[in-house]
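Peer 1: Input data.txt, format and content: compact mmCIF, C-alpha atoms (C1' of nucleotides).
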```txt
# COMPACT_ATOMS: atom_id res chain seq x y z
CA MET N 1 -36.33 65.21 -5.93
CA GLY N 2 -39.78 63.73 -5.35
CA ASP N 3 -40.06 61.02 -2.73
CA VAL N 4 -36.40 60.11 -2.72
CA THR N 5 -34.77 60.47 0.69
CA VAL N 6 -31.43 62.13 1.30
CA ALA N 7 -29.85 58.84 2.31
CA GLU N 8 -30.97 57.24 -0.90
CA ASN N 9 -29.45 60.08 -2.89
CA ILE N 10 -26.17 59.58 -1.15
CA ASP N 11 -26.30 55.91 -1.97
CA ALA N 12 -27.17 56.72 -5.56
CA GLY N 13 -24.17 59.02 -5.76
CA ARG N 14 -21.94 56.31 -4.32
CA ALA N 15 -23.28 53.80 -6.79
CA THR N 16 -22.66 56.18 -9.68
CA LEU N 17 -19.16 56.78 -8.43
CA LEU N 18 -18.43 53.08 -8.11
CA ARG N 19 -19.74 52.42 -11.60
CA PHE N 20 -17.41 55.07 -12.94
CA VAL N 21 -14.53 53.64 -10.91
CA GLU N 22 -15.15 50.24 -12.41
CA ARG N 23 -15.28 51.56 -15.97
CA PHE N 24 -12.19 53.68 -15.54
CA ALA N 25 -10.35 50.82 -13.90
CA LEU N 26 -11.25 48.60 -16.82
CA VAL N 27 -9.53 50.93 -19.25
CA LEU N 28 -6.50 51.09 -16.99
CA ARG N 29 -6.42 47.30 -16.89
CA GLU N 30 -6.37 47.21 -20.67
CA SER N 31 -3.15 49.16 -20.41
CA GLY N 32 -1.64 46.57 -18.15
CA MET N 33 -2.52 47.80 -14.68
CA GLN N 34 -3.79 45.26 -12.17
CA PRO N 35 -7.46 45.36 -11.14
CA MET N 36 -7.21 46.48 -7.55
CA PRO N 37 -4.56 49.17 -8.02
CA ALA N 38 -6.63 50.45 -10.93
CA ARG N 39 -9.74 50.64 -8.78
CA VAL N 40 -7.98 52.36 -5.90
CA PHE N 41 -6.43 54.89 -8.21
CA ALA N 42 -9.71 55.61 -9.98
CA TYR N 43 -11.48 55.96 -6.66
CA ALA N 44 -8.91 58.27 -5.13
CA LEU N 45 -9.03 60.38 -8.26
CA ALA N 46 -12.78 60.67 -8.63
CA ASP N 47 -13.91 60.89 -5.01
CA ASP N 48 -13.73 64.20 -3.19
CA ALA N 49 -11.26 63.67 -0.40
CA ASP N 50 -7.70 64.97 -0.58
CA ARG N 51 -6.30 62.17 1.50
CA TYR N 52 -7.59 58.70 2.20
CA THR N 53 -6.92 56.21 4.95
CA ALA N 54 -6.68 52.56 3.97
CA ALA N 55 -9.90 52.00 5.90
CA GLU N 56 -11.69 54.68 3.88
CA LEU N 57 -10.55 53.16 0.64
CA ALA N 58 -11.66 49.71 1.76
CA GLU N 59 -15.01 51.01 2.96
CA GLY N 60 -15.55 53.18 -0.13
CA LEU N 61 -14.69 50.42 -2.57
CA GLN N 62 -16.34 47.68 -0.52
CA VAL N 63 -13.25 45.49 -0.50
CA SER N 64 -11.05 43.97 2.17
CA PRO N 65 -8.16 45.83 3.86
CA ALA N 66 -5.83 43.15 2.53
CA ALA N 67 -6.68 44.10 -1.01
CA ILE N 68 -6.01 47.77 -0.27
CA SER N 69 -2.66 46.98 1.29
CA GLY N 70 -1.34 45.34 -1.85
CA ALA N 71 -2.84 47.93 -4.16
CA VAL N 72 -1.48 51.00 -2.41
CA ARG N 73 1.95 49.47 -2.15
CA GLN N 74 2.14 49.18 -5.91
CA LEU N 75 0.61 52.62 -6.46
CA VAL N 76 3.10 54.21 -4.09
CA GLN N 77 5.94 52.43 -5.84
CA ILE N 78 4.82 53.74 -9.24
CA GLY N 79 4.43 57.17 -7.70
CA PHE N 80 0.70 57.56 -8.22
CA LEU N 81 0.07 57.76 -4.49
CA VAL N 82 2.13 59.29 -1.72
CA ARG N 83 2.06 57.79 1.74
CA GLU N 84 1.80 60.28 4.58
CA ARG N 85 1.47 60.06 8.32
CA GLU N 86 -0.21 62.68 10.46
CA PRO N 87 1.64 63.07 13.79
CA GLY N 88 -0.35 61.56 16.62
CA THR N 89 -2.21 59.21 14.30
CA ARG N 90 -1.81 55.52 13.81
CA SER N 91 -3.10 55.21 10.28
CA ASP N 92 -1.30 55.95 7.03
CA LEU N 93 -2.76 58.52 4.70
CA TYR N 94 -2.67 58.19 0.95
CA VAL N 95 -2.77 61.24 -1.23
CA LEU N 96 -2.43 61.59 -4.96
CA ASP N 97 -0.03 64.33 -5.77
CA ASP N 98 -2.15 66.51 -8.04
CA ALA N 99 0.66 68.62 -9.37
CA HIS N 100 2.86 65.84 -10.69
CA LEU N 101 0.28 63.11 -11.10
CA TRP N 102 0.22 62.89 -14.87
CA THR N 103 3.86 63.68 -15.11
CA ARG N 104 4.39 60.49 -13.17
CA PHE N 105 2.05 58.66 -15.47
CA VAL N 106 4.14 59.50 -18.52
CA THR N 107 7.30 58.77 -16.60
CA ALA N 108 5.99 55.29 -15.93
CA GLU N 109 5.22 54.92 -19.63
CA VAL N 110 8.74 56.01 -20.48
CA GLN N 111 10.15 53.39 -18.17
CA ALA N 112 8.01 50.72 -19.78
CA LEU N 113 9.34 51.90 -23.13
CA GLN N 114 12.84 51.53 -21.77
CA ARG N 115 12.25 47.86 -20.89
CA PHE N 116 10.94 47.48 -24.42
CA GLN N 117 14.11 48.89 -25.87
CA ASP N 118 16.28 46.73 -23.68
CA VAL N 119 14.59 43.55 -24.81
CA VAL N 120 14.85 44.53 -28.46
CA ALA N 121 18.49 45.56 -28.12
CA ALA N 122 19.31 42.23 -26.50
CA GLY N 123 17.47 40.46 -29.30
CA ILE N 124 19.46 42.28 -31.96
CA GLU N 125 22.67 41.31 -30.21
CA GLN N 126 21.71 37.66 -29.99
CA LEU N 127 20.04 37.25 -33.34
CA GLY N 128 22.14 39.55 -35.47
CA ALA N 129 21.21 42.70 -37.36
CA GLY N 130 22.03 41.46 -40.85
CA ARG N 131 19.08 39.17 -41.39
CA PRO N 132 15.68 40.48 -42.56
CA GLY N 133 14.24 39.92 -39.10
CA GLY N 134 17.21 41.66 -37.54
CA ARG N 135 16.66 44.68 -39.75
CA ARG N 136 13.09 44.89 -38.55
CA LEU N 137 14.32 44.75 -34.98
CA VAL N 138 16.75 47.58 -35.65
CA GLU N 139 13.95 49.70 -37.03
CA THR N 140 11.87 48.79 -34.02
CA ARG N 141 14.62 49.97 -31.74
CA GLU N 142 14.87 53.25 -33.63
CA PHE N 143 11.17 53.77 -33.40
CA LEU N 144 11.14 53.10 -29.69
CA ALA N 145 13.96 55.57 -29.22
CA PHE N 146 11.94 58.14 -31.13
CA LEU N 147 8.84 57.51 -29.04
CA HIS N 148 11.00 57.74 -25.96
CA GLU N 149 12.12 61.21 -26.99
CA VAL N 150 8.60 62.28 -27.80
CA LEU N 151 7.26 61.26 -24.40
CA ALA N 152 10.22 62.65 -22.52
CA ASP N 153 9.58 65.93 -24.30
CA ALA N 154 5.89 65.75 -23.50
CA VAL N 155 6.49 65.27 -19.80
CA VAL N 156 8.66 68.38 -19.78
CA ARG N 157 6.12 70.43 -21.70
CA TRP N 158 3.03 69.36 -19.73
CA PRO N 159 3.35 71.83 -16.83
CA GLU N 160 3.32 74.87 -19.11
CA GLU N 161 0.71 73.27 -21.37
CA ARG N 162 -1.39 72.72 -18.30
CA GLU N 163 -1.12 76.35 -17.41
CA ARG N 164 -1.89 77.46 -20.94
CA ARG N 165 -5.02 75.32 -21.10
CA ARG N 166 -6.16 76.56 -17.73
CA ARG N 167 -6.66 80.00 -19.31
CA GLY N 168 -7.49 79.39 -22.98
CA MET Z 1 32.02 25.67 -34.10
CA GLY Z 2 33.70 22.56 -32.74
CA ASP Z 3 31.73 19.33 -32.75
CA VAL Z 4 28.32 20.92 -33.12
CA THR Z 5 26.45 19.75 -36.19
CA VAL Z 6 24.67 22.04 -38.62
CA ALA Z 7 21.27 20.73 -37.58
CA GLU Z 8 22.03 21.45 -33.97
CA ASN Z 9 23.03 24.99 -34.88
CA ILE Z 10 19.74 25.49 -36.63
CA ASP Z 11 17.95 24.21 -33.59
CA ALA Z 12 20.04 26.46 -31.41
CA GLY Z 13 19.08 29.41 -33.59
CA ARG Z 14 15.44 28.50 -33.37
CA ALA Z 15 15.66 28.15 -29.62
CA THR Z 16 17.34 31.55 -29.33
CA LEU Z 17 14.65 33.04 -31.52
CA LEU Z 18 11.87 31.51 -29.46
CA ARG Z 19 13.42 32.72 -26.25
CA PHE Z 20 13.49 36.23 -27.66
CA VAL Z 21 9.92 35.88 -28.87
CA GLU Z 22 8.83 34.89 -25.40
CA ARG Z 23 10.64 37.77 -23.75
CA PHE Z 24 9.36 40.31 -26.24
CA ALA Z 25 5.84 38.93 -25.98
CA LEU Z 26 6.04 39.28 -22.22
CA VAL Z 27 6.71 42.99 -22.49
CA LEU Z 28 3.86 43.33 -24.96
CA ARG Z 29 1.59 41.52 -22.54
CA GLU Z 30 2.50 43.99 -19.83
CA SER Z 31 1.09 46.65 -22.12
CA GLY Z 32 -2.18 44.81 -22.37
CA MET Z 33 -1.72 42.61 -25.44
CA GLN Z 34 -2.90 39.02 -25.19
CA PRO Z 35 -0.29 36.25 -25.04
CA MET Z 36 -0.77 34.54 -28.37
CA PRO Z 37 -1.13 37.66 -30.50
CA ALA Z 38 1.97 38.98 -28.77
CA ARG Z 39 3.92 35.84 -29.63
CA VAL Z 40 2.80 35.77 -33.23
CA PHE Z 41 3.68 39.41 -33.69
CA ALA Z 42 7.08 39.01 -32.09
CA TYR Z 43 7.78 35.94 -34.18
CA ALA Z 44 6.72 37.53 -37.46
CA LEU Z 45 8.88 40.52 -36.62
CA ALA Z 46 12.03 38.73 -35.60
CA ASP Z 47 12.09 35.78 -37.98
CA ASP Z 48 13.39 36.23 -41.51
CA ALA Z 49 10.42 35.60 -43.76
CA ASP Z 50 8.49 38.41 -45.41
CA ARG Z 51 5.23 36.54 -45.36
CA TYR Z 52 4.04 33.66 -43.22
CA THR Z 53 1.36 31.07 -43.67
CA ALA Z 54 -0.68 30.12 -40.63
CA ALA Z 55 0.97 26.70 -40.78
CA GLU Z 56 4.43 28.28 -40.69
CA LEU Z 57 3.51 30.35 -37.68
CA ALA Z 58 2.07 27.33 -35.89
CA GLU Z 59 5.11 25.20 -36.71
CA GLY Z 60 7.58 27.96 -35.87
CA LEU Z 61 5.96 28.77 -32.54
CA GLN Z 62 5.13 25.14 -31.74
CA VAL Z 63 1.46 25.89 -31.11
CA SER Z 64 -1.82 24.68 -32.53
CA PRO Z 65 -3.41 26.13 -35.71
CA ALA Z 66 -6.41 27.08 -33.62
CA ALA Z 67 -4.28 29.36 -31.50
CA ILE Z 68 -2.86 31.01 -34.63
CA SER Z 69 -6.31 31.55 -36.05
CA GLY Z 70 -7.46 33.63 -33.12
CA ALA Z 71 -4.19 35.51 -32.82
CA VAL Z 72 -3.90 36.62 -36.44
CA ARG Z 73 -7.51 37.74 -36.47
CA GLN Z 74 -6.82 40.18 -33.70
CA LEU Z 75 -3.52 41.28 -35.20
CA VAL Z 76 -5.16 41.91 -38.57
CA GLN Z 77 -7.89 43.90 -36.87
CA ILE Z 78 -5.38 46.10 -35.08
CA GLY Z 79 -3.51 46.49 -38.33
CA PHE Z 80 -0.27 44.84 -37.27
CA LEU Z 81 -0.64 42.11 -39.86
CA VAL Z 82 -2.07 42.21 -43.35
CA ARG Z 83 -3.81 39.18 -44.75
CA GLU Z 84 -2.92 38.33 -48.33
CA ARG Z 85 -3.81 35.56 -50.73
CA GLU Z 86 -1.58 34.38 -53.54
CA PRO Z 87 -3.68 33.50 -56.61
CA GLY Z 88 -3.82 29.76 -57.08
CA THR Z 89 -3.06 29.05 -53.44
CA ARG Z 90 -5.32 27.85 -50.72
CA SER Z 91 -3.54 29.31 -47.75
CA ASP Z 92 -3.66 32.84 -46.42
CA LEU Z 93 -0.44 34.75 -46.12
CA TYR Z 94 0.27 37.10 -43.25
CA VAL Z 95 2.69 39.94 -43.75
CA LEU Z 96 3.63 42.77 -41.46
CA ASP Z 97 3.56 46.01 -43.33
CA ASP Z 98 7.08 47.27 -42.64
CA ALA Z 99 6.51 50.78 -43.86
CA HIS Z 100 3.57 51.64 -41.64
CA LEU Z 101 4.07 49.11 -38.89
CA TRP Z 102 4.96 51.45 -36.07
CA THR Z 103 2.68 54.10 -37.39
CA ARG Z 104 -0.09 51.61 -36.78
CA PHE Z 105 1.27 50.93 -33.34
CA VAL Z 106 0.95 54.55 -32.32
CA THR Z 107 -2.41 54.78 -34.02
CA ALA Z 108 -3.60 51.93 -31.83
CA GLU Z 109 -2.27 53.76 -28.78
CA VAL Z 110 -4.11 56.89 -29.84
CA GLN Z 111 -7.33 54.95 -30.11
CA ALA Z 112 -6.81 53.51 -26.64
CA LEU Z 113 -6.28 57.05 -25.42
CA GLN Z 114 -9.54 58.01 -27.04
CA ARG Z 115 -11.43 55.36 -25.08
CA PHE Z 116 -9.74 56.75 -22.00
CA GLN Z 117 -10.98 60.23 -22.74
CA ASP Z 118 -14.49 58.99 -23.43
CA VAL Z 119 -14.73 57.27 -20.08
CA VAL Z 120 -13.43 60.30 -18.23
CA ALA Z 121 -15.73 62.66 -20.11
CA ALA Z 122 -18.72 60.49 -19.27
CA GLY Z 123 -17.59 60.44 -15.65
CA ILE Z 124 -17.39 64.22 -15.50
CA GLU Z 125 -20.88 64.45 -16.93
CA GLN Z 126 -22.32 62.02 -14.42
CA LEU Z 127 -20.41 63.08 -11.35
CA GLY Z 128 -20.14 66.80 -11.94
CA ALA Z 129 -17.11 69.02 -12.45
CA GLY Z 130 -17.56 71.22 -9.41
CA ARG Z 131 -16.48 68.79 -6.73
CA PRO Z 132 -12.79 68.22 -5.87
CA GLY Z 133 -12.88 64.82 -7.55
CA GLY Z 134 -14.58 66.34 -10.58
CA ARG Z 135 -11.84 68.92 -10.89
CA ARG Z 136 -9.25 66.15 -10.91
CA LEU Z 137 -11.20 64.43 -13.66
CA VAL Z 138 -11.26 67.61 -15.70
CA GLU Z 139 -7.51 67.92 -15.40
CA THR Z 140 -7.20 64.28 -16.36
CA ARG Z 141 -9.23 64.92 -19.47
CA GLU Z 142 -7.02 67.86 -20.37
CA PHE Z 143 -3.92 65.80 -19.91
CA LEU Z 144 -5.26 63.00 -22.06
CA ALA Z 145 -6.12 65.51 -24.77
CA PHE Z 146 -2.57 66.79 -24.60
CA LEU Z 147 -1.10 63.33 -24.84
CA HIS Z 148 -3.43 62.65 -27.72
CA GLU Z 149 -2.01 65.63 -29.59
CA VAL Z 150 1.54 64.61 -28.80
CA LEU Z 151 1.09 61.11 -30.17
CA ALA Z 152 -0.86 62.25 -33.20
CA ASP Z 153 2.00 64.59 -33.94
CA ALA Z 154 4.52 61.82 -33.42
CA VAL Z 155 2.80 59.51 -35.86
CA VAL Z 156 2.95 62.22 -38.50
CA ARG Z 157 6.60 62.98 -37.84
CA TRP Z 158 7.83 59.38 -37.70
CA PRO Z 159 8.27 58.79 -41.46
CA GLU Z 160 10.64 61.73 -41.86
CA GLU Z 161 12.32 60.96 -38.54
CA ARG Z 162 12.81 57.43 -39.77
CA GLU Z 163 14.49 58.70 -42.90
CA ARG Z 164 16.63 61.12 -40.94
CA ARG Z 165 17.83 58.38 -38.59
CA ARG Z 166 18.55 56.06 -41.48
CA ARG Z 167 21.32 58.42 -42.55
CA GLY Z 168 22.63 60.14 -39.39
C1' DA K 1 -20.56 16.52 -57.73
C1' DA K 2 -16.79 14.90 -54.83
C1' DT K 3 -12.54 15.31 -52.77
C1' DG K 4 -9.34 17.50 -49.96
C1' DA K 5 -6.93 21.25 -47.88
C1' DA K 6 -6.99 25.21 -44.99
C1' DC K 7 -9.31 27.96 -41.81
C1' DT K 8 -12.52 28.54 -38.11
C1' DT K 9 -15.43 27.47 -34.17
C1' DC K 10 -16.43 25.30 -29.88
C1' DA K 11 -16.27 22.64 -25.56
C1' DC K 12 -13.05 21.23 -22.34
C1' DA K 13 -9.03 20.90 -19.23
C1' DC K 14 -5.53 23.36 -17.41
C1' DT K 15 -3.23 27.23 -15.56
C1' DT K 16 -3.03 31.56 -13.67
C1' DT K 17 -4.87 35.33 -11.28
C1' DC K 18 -7.57 37.65 -7.81
C1' DG K 19 -9.62 38.91 -3.49
C1' DT K 20 -10.85 37.25 1.03
C1' DG K 21 -10.30 35.80 5.89
C1' DA K 22 -7.31 34.64 9.47
C1' DA K 23 -3.07 35.02 11.63
C1' DT K 24 1.09 37.79 12.45
C1' DC K 25 3.89 41.72 13.06
C1' DG K 26 4.94 46.39 14.42
C1' DT K 27 3.91 50.46 16.73
C1' DC K 28 1.71 53.86 19.44
C1' DT K 29 -1.05 54.85 23.68
C1' DG K 30 -2.56 54.69 28.31
C1' DC D 1 4.55 47.17 30.12
C1' DA D 2 0.07 45.87 28.71
C1' DG D 3 -3.45 46.65 25.46
C1' DA D 4 -4.99 47.68 21.06
C1' DC D 5 -5.15 49.34 16.59
C1' DG D 6 -3.59 49.32 12.03
C1' DA D 7 -0.88 47.24 8.38
C1' DT D 8 0.88 43.23 6.27
C1' DT D 9 1.42 38.41 4.98
C1' DC D 10 -0.21 33.95 3.69
C1' DA D 11 -3.03 30.02 2.31
C1' DC D 12 -7.18 29.08 0.23
C1' DG D 13 -11.38 29.06 -2.82
C1' DA D 14 -13.38 31.19 -6.64
C1' DA D 15 -13.22 33.12 -11.09
C1' DA D 16 -11.20 34.29 -15.41
C1' DG D 17 -8.22 33.38 -19.04
C1' DT D 18 -5.60 30.37 -22.28
C1' DG D 19 -4.45 26.85 -25.61
C1' DT D 20 -5.70 22.27 -27.36
C1' DG D 21 -8.20 18.76 -29.96
C1' DA D 22 -12.01 17.68 -32.59
C1' DA D 23 -15.80 18.87 -35.31
C1' DG D 24 -17.61 21.97 -38.73
C1' DT D 25 -17.32 25.17 -42.74
C1' DT D 26 -15.64 27.08 -46.95
C1' DC D 27 -13.67 26.90 -51.30
C1' DA D 28 -10.76 25.55 -55.13
C1' DT D 29 -9.59 21.62 -57.86
C1' DT D 30 -10.51 17.29 -60.15
```
Starting from the coordinates I provided, produce the structure as structure tokens.

Peer 2:
Amino acid sequence: MGDVTVAENIDAGRATLLRFVERFALVLRESGMQPMPARVFAYALADDADRYTAAELAEGLQVSPAAISGAVRQLVQIGFLVREREPGTRSDLYVLDDAHLWTRFVTAEVQALQRFQDVVAAGIEQLGAGRPGGRRLVETREFLAFLHEVLADAVVRWPEERERRRRG
Amino acid sequence: MGDVTVAENIDAGRATLLRFVERFALVLRESGMQPMPARVFAYALADDADRYTAAELAEGLQVSPAAISGAVRQLVQIGFLVREREPGTRSDLYVLDDAHLWTRFVTAEVQALQRFQDVVAAGIEQLGAGRPGGRRLVETREFLAFLHEVLADAVVRWPEERERRRRG
DNA sequence: AATGAACTTCACACTTTCGTGAATCGTCTG
DNA sequence: CAGACGATTCACGAAAGTGTGAAGTTCATT
């Protein structure tokens, strides 16, 4: 390690972690997630703790408690984080539910797909299905329904797939 | 239709169409697409023409040609629109390739998933797979690989599914 | 060559979004 | 019940994103 002190190595590790968090969050943002929730999620995933207090997240990400508050609220609502409270403590604990984490991810995708379908269905109703544009909308609806099935199937299959991959 | 003139009905139809376009574009934006590309795509899908000139898109959406220019470029790059040129004409024609349209959509999703995997893989390399956080990243990578397979399979199956749904 | 039409590029103004800091609220502890 | 700690809300300033108008470029036609 040469002349690098332990403290500097820790800092270097933190910096590497934060760079990864930022990159990962960027990809999540491209999928529609907001910046701060994306960062918090990436951080909670990649850092080593099992549970995080809001203060830890703020300190670790170098952002204000206010930013954490809004981010975790959304993440809890989506189901990416679970809020816990240790008896005799005043601070909330946030933990990402390993077992069902990616199941929840797909579930969220499926719900987004549902909103998609609703909008298209309403459009078909209002604009008519007979016109050329309407026919395209009908096909769109069918495709979305298909994709819906595919993802719903995937979320069911993931647990066993997970197990299978753990060995092979 | 009472005392409503034909012209007013046309306008009403246009207004209904544009409202739908805006709603549909909003959902697309929530999935990460930029506003103007989302509008152009929604418009080209829902309106009745098979091919559109840039001028038609600008007129139909009530936006500037400059906005169309940027939007179609991105849409062509993704593969949602195909640029054509009628011999003896000066204007480009944009057509959405009905047959492979939603195939391209999933293909784009798969590519996004690939970027996801790349970022996570790089993170595992830099941060290590032995730590608790690293183990979560490894599982994330496995899940993304699984989802990748699922979507790749879906894109292959869609054409026959499409045919099957067209009858049943 | 020159004209003109369509497409593109670019700087700007406008809007929206984002994170912070301060104040407020609620709740547990001593 | 007082004190305090943590979480939340809100207004504000900064930053990013978005579409327009005008200038520039390309290319077919005359």

Peer 1: Write down, as an MDAnalysis selection string, each residue of chain Z that has any atom within 7 Å of an atom of chain N, counting all atoms listed in the file.

Peer 2: chainID Z and resid 20 24 27 30:32 45:48 116 119 123 131:134 136:137 150 154

Peer 1: Using only C-alpha atoms (C1' of nucleotides), find the residues of chain K whose closest atom to chain Z is at most 10 Å away, then write them as a ChimeraX atom specification.

Peer 2: /K:5-9

Peer 1: Can you work out which residues from chain D touch chain N at a cut-off of 10 Å (counting only C-alpha atoms (C1' of nucleotides)) and hand them back as an mmCIF file with C-alpha atoms (C1' of nucleotides), in the coordinates of the input?

Peer 2:
```
data_model
loop_
_atom_site.group_PDB
_atom_site.id
_atom_site.type_symbol
_atom_site.label_atom_id
_atom_site.label_comp_id
_atom_site.auth_asym_id
_atom_site.auth_seq_id
_atom_site.Cartn_x
_atom_site.Cartn_y
_atom_site.Cartn_z
ATOM 1 C "C1'" DC D 5 -5.150 49.340 16.590
ATOM 2 C "C1'" DG D 6 -3.590 49.320 12.030
ATOM 3 C "C1'" DA D 7 -0.880 47.240 8.380
ATOM 4 C "C1'" DT D 8 0.880 43.230 6.270
ATOM 5 C "C1'" DT D 9 1.420 38.410 4.980
#
```

Peer 1: Within 9 Å of (-13.7, 21.1, -59.5), only C-alpha atoms (C1' of nucleotides): residues as a list in words?

Peer 2: DA1, DA2 and DT3 of chain K; DA28, DT29 and DT30 of chain D

Peer 1: Please produce a file of those selected residues containing C-alpha atoms (C1' of nucleotides), as a PDB file, keeping the file's coordinate frame.

Peer 2:
```pdb
ATOM      1  C1'  DA K   1     -20.560  16.520 -57.730  1.00  0.00           C
ATOM      2  C1'  DA K   2     -16.790  14.900 -54.830  1.00  0.00           C
ATOM      3  C1'  DT K   3     -12.540  15.310 -52.770  1.00  0.00           C
TER       4       DT K   3
ATOM      5  C1'  DA D  28     -10.760  25.550 -55.130  1.00  0.00           C
ATOM      6  C1'  DT D  29      -9.590  21.620 -57.860  1.00  0.00           C
ATOM      7  C1'  DT D  30     -10.510  17.290 -60.150  1.00  0.00           C
TER       8       DT D  30
END
```

Peer 1: Quote the spacing between atom CA of Leu93 of chain Z and atom CA of Tyr52 of chain Z in Å to one decimal place.

Peer 2: 5.4 Å

Peer 1: Which distance in Å separates atom C1' of DT25 of chain D and atom CA of Leu96 of chain Z, to one decimal?

Peer 2: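 Going from atom C1' of DT25 of chain D over to atom CA of Leu96 of chain Z, I get 27.4 Å.
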
Peer 1: Would you work out the distance separating atom CA of Ala38 of chain Z from atom CA of Ser64 of chain Z, expressed in Å to one decimal?

Peer 2: 15.3 Å

Peer 1: Give me, as a PDB file with C-alpha atoms (C1' of nucleotides), keeping the file's coordinate frame, all polymer residues having an atom no more than 10 Å from DT17 of chain K, counting only C-alpha atoms (C1' of nucleotides) and skipping those fewer than 3 positions away in the same chain.

Peer 2:
```
ATOM      1  C1'  DA D  15     -13.220  33.120 -11.090  1.00  0.00           C
ATOM      2  C1'  DA D  16     -11.200  34.290 -15.410  1.00  0.00           C
ATOM      3  C1'  DG D  17      -8.220  33.380 -19.040  1.00  0.00           C
TER       4       DG D  17
END
```

Peer 1: Enumerate, as a PyMOL selection string, the protein, DNA and RNA residues whose atoms approach (3.2, 51.0, -9.4) to within 10 Å, taking into account all atoms listed in the file and the coordinate frame of the file.

Peer 2: chain N and resi 33-34+37-38+71-81+105+108

Peer 1: Grab all the atoms of segment 11-29 of chain D that the file lists, wrap them in a box along x, y and z, add 6 Å per side, and give me centre plus edge lengths in Å (one decimal) as JSON.

Peer 2:
```
{"center_x": -10.3, "center_y": 26.0, "center_z": -27.8, "size_x": 26.6, "size_y": 28.6, "size_z": 72.2}
```

Peer 1: At a cut-off of 12 Å, using all atoms listed in the file, what residues contact DC14 of chain K? Leave out same-chain residues fewer than 2 positions from it and give the result as a list in words.

Peer 2: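 The filter keeps DC12 and DT16 of chain K; DG17, DT18, DG19 and DT20 of chain D.
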
Peer 1: Skip DT29 of chain K itself and residues of its chain fewer than 4 positions away, then list as an MDAnalysis selection string all residues within 12 Å of it, counting all atoms listed in the file.

Peer 2: (chainID N and resid 88:90) or (chainID D and resid 1:5)

Peer 1: Would you mind exporting the chosen residues as an mmCIF file, in the coordinates of the input, restricted to C-alpha atoms (C1' of nucleotides)?

Peer 2:
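selection11.cif, written as the output of this step:
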```
data_model
loop_
_atom_site.group_PDB
_atom_site.id
_atom_site.type_symbol
_atom_site.label_atom_id
_atom_site.label_comp_id
_atom_site.auth_asym_id
_atom_site.auth_seq_id
_atom_site.Cartn_x
_atom_site.Cartn_y
_atom_site.Cartn_z
ATOM 1 C CA GLY N 88 -0.350 61.560 16.620
ATOM 2 C CA THR N 89 -2.210 59.210 14.300
ATOM 3 C CA ARG N 90 -1.810 55.520 13.810
ATOM 4 C "C1'" DC D 1 4.550 47.170 30.120
ATOM 5 C "C1'" DA D 2 0.070 45.870 28.710
ATOM 6 C "C1'" DG D 3 -3.450 46.650 25.460
ATOM 7 C "C1'" DA D 4 -4.990 47.680 21.060
ATOM 8 C "C1'" DC D 5 -5.150 49.340 16.590
#
```
